[in-house]
Amino acid sequence: MILPIDRLTLYRDAVRKLKEGDFSISFPNETTSSAFIDFESELLQLAAWLEVRFTEFSKLQEISAEICQGSLLDDVLERIYSTFKQVIPFDRIGCALISNDQQIVKAHWAKTDQPEKIKLAHGYTSPLSGSSLESILHSQQPRILNDLSEYLVTHPNSKSTRLIVAEGIQSSLTCPLIIDAQPVGFLFFSSKQKNTYLDVHQRIFIHIARQVSVLIEKSRLYQHIYELNKQLLDAMQLLKEQSCRDALTQIYHRGAIMEFMQQSLKSGIRKKQPVSVIMADLDHFKTINDTFGHGMGDTVLKSVSHTITAQLRNCDSVGRYGGEEFLIVLGDTDAASALLVAERIRHAIAALQFEHPSGNLTVTISMGISCSDNKNESKDENTLLLQADTALYHAKHSGRNRVSIS
């Protein structure tokens, strides 16, 4: 028989193991003292309780570390969806956010293993005042509804419940998200089975509620900043693009098309690919302005610009070089291919028809081509422009409405 002093040593060792996180304690059945038996039973129950709490705490720590990896709101919610099944059962998670004036609850996000069945989707809104969600905020405690069909019978005007039941959901755990007494939204854990949720699930969420709330609010603010920054960058890009455009024709102005040509030449030299330029000039444009007016002249310039653009690839570009002159830059295009492009443009412009009270009008265009093959020789932009302009002069003096290659 083990003496009391030896029994105390066993108890001391058992307590030390518990402190170290080892919950596998046991005692020999060699005492008849009811006091020892009761005490040992309490220790064993304490060990079992601590083991459950320790496991639960460890899982929550893992979950916290995982969801902290997210930055944008939807990323954080995706991480919650992938990690919380370890501690809370669900078939669906939804997140709703409260408006800044605390008047509206808006569904922001939802995920389920059957996304095609989602009916309570992003953008759904409902008033907060007087709703059951408002009472959850007042209690600041998660709410369990383990029979939503029955709840809908007693609350037939709850549209959100009707939608969620239509998805096949039967149980829900609604968790408030509160930061410094300020409500920011809700997380909804939902199950297709009745009687899914227990008090332990409420307690688990309460343990981590503040951290989840802070993460969601931080990610929400971060996403708002991210979206504002994206809008700013888009606006700056649009402004930059607009500043490069000719006000009348909306194609590049002279400075922008020259910069494009320089970049194309640098790329062509680096990649040893040919670059061709086409200098184009509308035939008898002064006569159009003098006969039909400058308004018709503007209409012709806009239509011709659109027609040229429609014949080009995305990697090519056209700019208004002068009044009725256009500069076309073709990357990775030799002189023979540039001739085909120019002829296609010429025919498309000749097919244009313009109506005017003084009579219908057609226009033609003359073009000159120059090319830098960037293998045997590389030409700078001044040389290319001079050669293209010389070829254009030749086309003009050879009868117009034609293409010439330098």
# chains A, B, ... in the order shown; residues from 1 in each chain; ligands from 1
call {"tool": "residues_around", "arguments": {"residues": "A:Asp380", "least_positions_apart": "6", "cutoff": "9 Å", "atoms": "only C-alpha atoms", "output": "PyMOL selection string"}}
result
chain A and resi 262+265+372
call {"tool": "select_by_dssp", "arguments": {"residues": "stretch 123-274 of chain A", "states": "strand (DSSP E or B)", "output": "ChimeraX atom specification"}}
result
/A:125-127,143-145,171-179,182-191,245,252
call {"tool": "residues_around", "arguments": {"residues": "A:Lys379", "least_positions_apart": "4", "cutoff": "10 Å", "atoms": "only C-alpha atoms", "output": "short mmCIF file (atom, residue, chain, number, x, y, z; two decimals) with C-alpha atoms, in the first residue's frame"}}
result
data_model
loop_
_atom_site.label_atom_id
_atom_site.label_comp_id
_atom_site.auth_asym_id
_atom_site.auth_seq_id
_atom_site.Cartn_x
_atom_site.Cartn_y
_atom_site.Cartn_z
CA LEU A 265 12.44 51.64 -82.77
CA ILE A 269 16.64 47.25 -82.44
CA VAL A 275 9.80 48.71 -87.84
CA SER A 370 9.95 53.72 -94.93
CA CYS A 371 11.36 50.77 -93.00
CA SER A 372 14.25 49.99 -90.66
CA ASP A 373 14.99 46.24 -90.77
CA ASN A 374 17.15 46.45 -87.61
CA THR A 383 15.90 59.23 -91.11
CA LEU A 384 12.68 57.19 -91.18
CA LEU A 385 10.51 60.31 -91.18
#
call {"tool": "residues_around", "arguments": {"residues": "A:Pro89", "least_positions_apart": "2", "cutoff": "12 Å", "atoms": "only C-alpha atoms", "output": "PyMOL selection string"}}
result
chain A and resi 81-87+91-93+171-173+188-198+200-202+204-205
call {"tool": "closest_residue", "arguments": {"among": "A:Ile144, A:Gly268, A:Pro127, A:Arg203", "to": "A:Ser378", "atoms": "only C-alpha atoms"}}
result
A:Gly268
call {"tool": "select_by_dssp", "arguments": {"residues": "stretch 20-50 of chain A", "states": "alpha helix (DSSP H)", "output": "ChimeraX atom specification"}}
result
/A:34-50
call {"tool": "atom_distance", "arguments": {"atom1": "atom CA of A:Ile328", "atom2": "atom CA of A:Gly255"}}
result
13.1 Å
call {"tool": "residues_around", "arguments": {"residues": "stretch 107-121 of chain A", "least_positions_apart": "4", "cutoff": "7 Å", "atoms": "only C-alpha atoms", "output": "list in words"}}
result
Asp91, Arg92, Ile93, Gly94, Cys95, Ala96, Leu97, Thr125, Ser160, Leu163, Ile164 and Glu167 of chain A
call {"tool": "write_last_selection", "arguments": {"atoms": "C-alpha atoms", "output": "PDB file, in the first residue's frame"}}
result
ATOM      1  CA  ASP A  91     -21.981  24.388 -44.669  1.00  0.00           C
ATOM      2  CA  ARG A  92     -22.062  28.098 -45.391  1.00  0.00           C
ATOM      3  CA  ILE A  93     -20.486  31.304 -44.076  1.00  0.00           C
ATOM      4  CA  GLY A  94     -21.826  34.761 -44.784  1.00  0.00           C
ATOM      5  CA  CYS A  95     -20.614  38.208 -43.826  1.00  0.00           C
ATOM      6  CA  ALA A  96     -22.761  41.331 -43.609  1.00  0.00           C
ATOM      7  CA  LEU A  97     -21.449  44.822 -42.877  1.00  0.00           C
ATOM      8  CA  THR A 125     -29.712  45.021 -47.734  1.00  0.00           C
ATOM      9  CA  SER A 160     -33.492  36.999 -45.097  1.00  0.00           C
ATOM     10  CA  LEU A 163     -33.914  33.252 -48.572  1.00  0.00           C
ATOM     11  CA  ILE A 164     -31.522  31.281 -46.402  1.00  0.00           C
ATOM     12  CA  GLU A 167     -30.810  27.594 -49.859  1.00  0.00           C
TER      13      GLU A 167
END
call {"tool": "residues_around", "arguments": {"residues": "A:Leu339", "least_positions_apart": "2", "cutoff": "10 Å", "atoms": "only C-alpha atoms", "output": "tab-separated table (two decimals) with N, CA and C atoms, in the first residue's frame"}}
result
chain	number	residue	atom	x	y	z
A	276	SER	N	8.27	49.69	-89.44
A	276	SER	CA	7.90	50.50	-90.60
A	276	SER	C	7.06	51.69	-90.16
A	278	ILE	N	4.50	54.87	-91.82
A	278	ILE	CA	3.76	55.32	-92.99
A	278	ILE	C	3.37	56.78	-92.75
A	333	THR	N	7.19	44.81	-88.54
A	333	THR	CA	6.58	44.83	-89.87
A	333	THR	C	7.61	45.30	-90.89
A	334	ASP	N	7.86	44.46	-91.90
A	334	ASP	CA	8.80	44.86	-92.93
A	334	ASP	C	8.10	45.70	-93.99
A	335	ALA	N	8.84	46.18	-94.99
A	335	ALA	CA	8.29	47.08	-95.99
A	335	ALA	C	7.17	46.43	-96.81
A	336	ALA	N	7.35	45.16	-97.18
A	336	ALA	CA	6.33	44.46	-97.98
A	336	ALA	C	5.02	44.35	-97.21
A	337	SER	N	5.11	44.02	-95.91
A	337	SER	CA	3.89	43.90	-95.07
A	337	SER	C	3.27	45.27	-94.84
A	341	VAL	N	-0.64	46.75	-95.54
A	341	VAL	CA	-1.43	47.52	-94.58
A	341	VAL	C	-1.86	48.85	-95.20
A	342	ALA	N	-0.91	49.53	-95.83
A	342	ALA	CA	-1.21	50.83	-96.44
A	342	ALA	C	-2.28	50.71	-97.52
A	343	GLU	N	-2.19	49.69	-98.37
A	343	GLU	CA	-3.19	49.49	-99.42
A	343	GLU	C	-4.56	49.20	-98.82
A	344	ARG	N	-4.57	48.44	-97.73
A	344	ARG	CA	-5.85	48.16	-97.07
A	344	ARG	C	-6.47	49.44	-96.53
A	345	ILE	N	-5.64	50.29	-95.94
A	345	ILE	CA	-6.13	51.57	-95.43
A	345	ILE	C	-6.63	52.45	-96.58
A	367	MET	N	0.15	57.87	-99.47
A	367	MET	CA	0.99	57.41	-98.37
A	367	MET	C	2.41	57.10	-98.84
A	368	GLY	N	3.35	57.37	-97.93
A	368	GLY	CA	4.74	57.02	-98.18
A	368	GLY	C	5.27	56.14	-97.06
A	369	ILE	N	6.03	55.08	-97.42
A	369	ILE	CA	6.49	54.09	-96.45
A	369	ILE	C	8.02	54.11	-96.36
A	370	SER	N	8.51	53.98	-95.15
A	370	SER	CA	9.95	53.72	-94.93
A	370	SER	C	10.07	52.64	-93.87
A	403	VAL	N	0.30	54.54	-102.94
A	403	VAL	CA	1.31	54.29	-101.91
A	403	VAL	C	2.67	54.19	-102.58
A	404	SER	N	3.66	54.84	-101.97
A	404	SER	CA	5.04	54.75	-102.48
A	404	SER	C	5.96	54.32	-101.36
A	405	ILE	N	6.99	53.51	-101.70
A	405	ILE	CA	7.96	53.04	-100.71
A	405	ILE	C	9.31	53.67	-101.00
call {"tool": "closest_residue", "arguments": {"among": "A:Arg346, A:Arg7, A:Lys286, A:Lys218", "to": "A:Val184", "atoms": "only C-alpha atoms"}}
result
A:Lys218
call {"tool": "residues_around", "arguments": {"residues": "A:Ser24", "least_positions_apart": "4", "cutoff": "12 Å", "atoms": "only C-alpha atoms", "output": "MDAnalysis selection string"}}
result
chainID A and resid 13:20 43:51
call {"tool": "closest_atom_pairs", "arguments": {"of": "stretch 173-195 of chain A", "to": "stretch 100-105 of chain A", "cutoff": "9 Å", "atoms": "only C-alpha atoms", "output": "Markdown table"}}
result
| residue | atom | partner | partner_atom | distance |
| --- | --- | --- | --- | --- |
| A:Pro183 | CA | A:Gln102 | CA | 8.1 |
| A:Val184 | CA | A:Asn100 | CA | 8.5 |
| A:Gly185 | CA | A:Val105 | CA | 7.4 |
| A:Phe186 | CA | A:Val105 | CA | 8.9 |
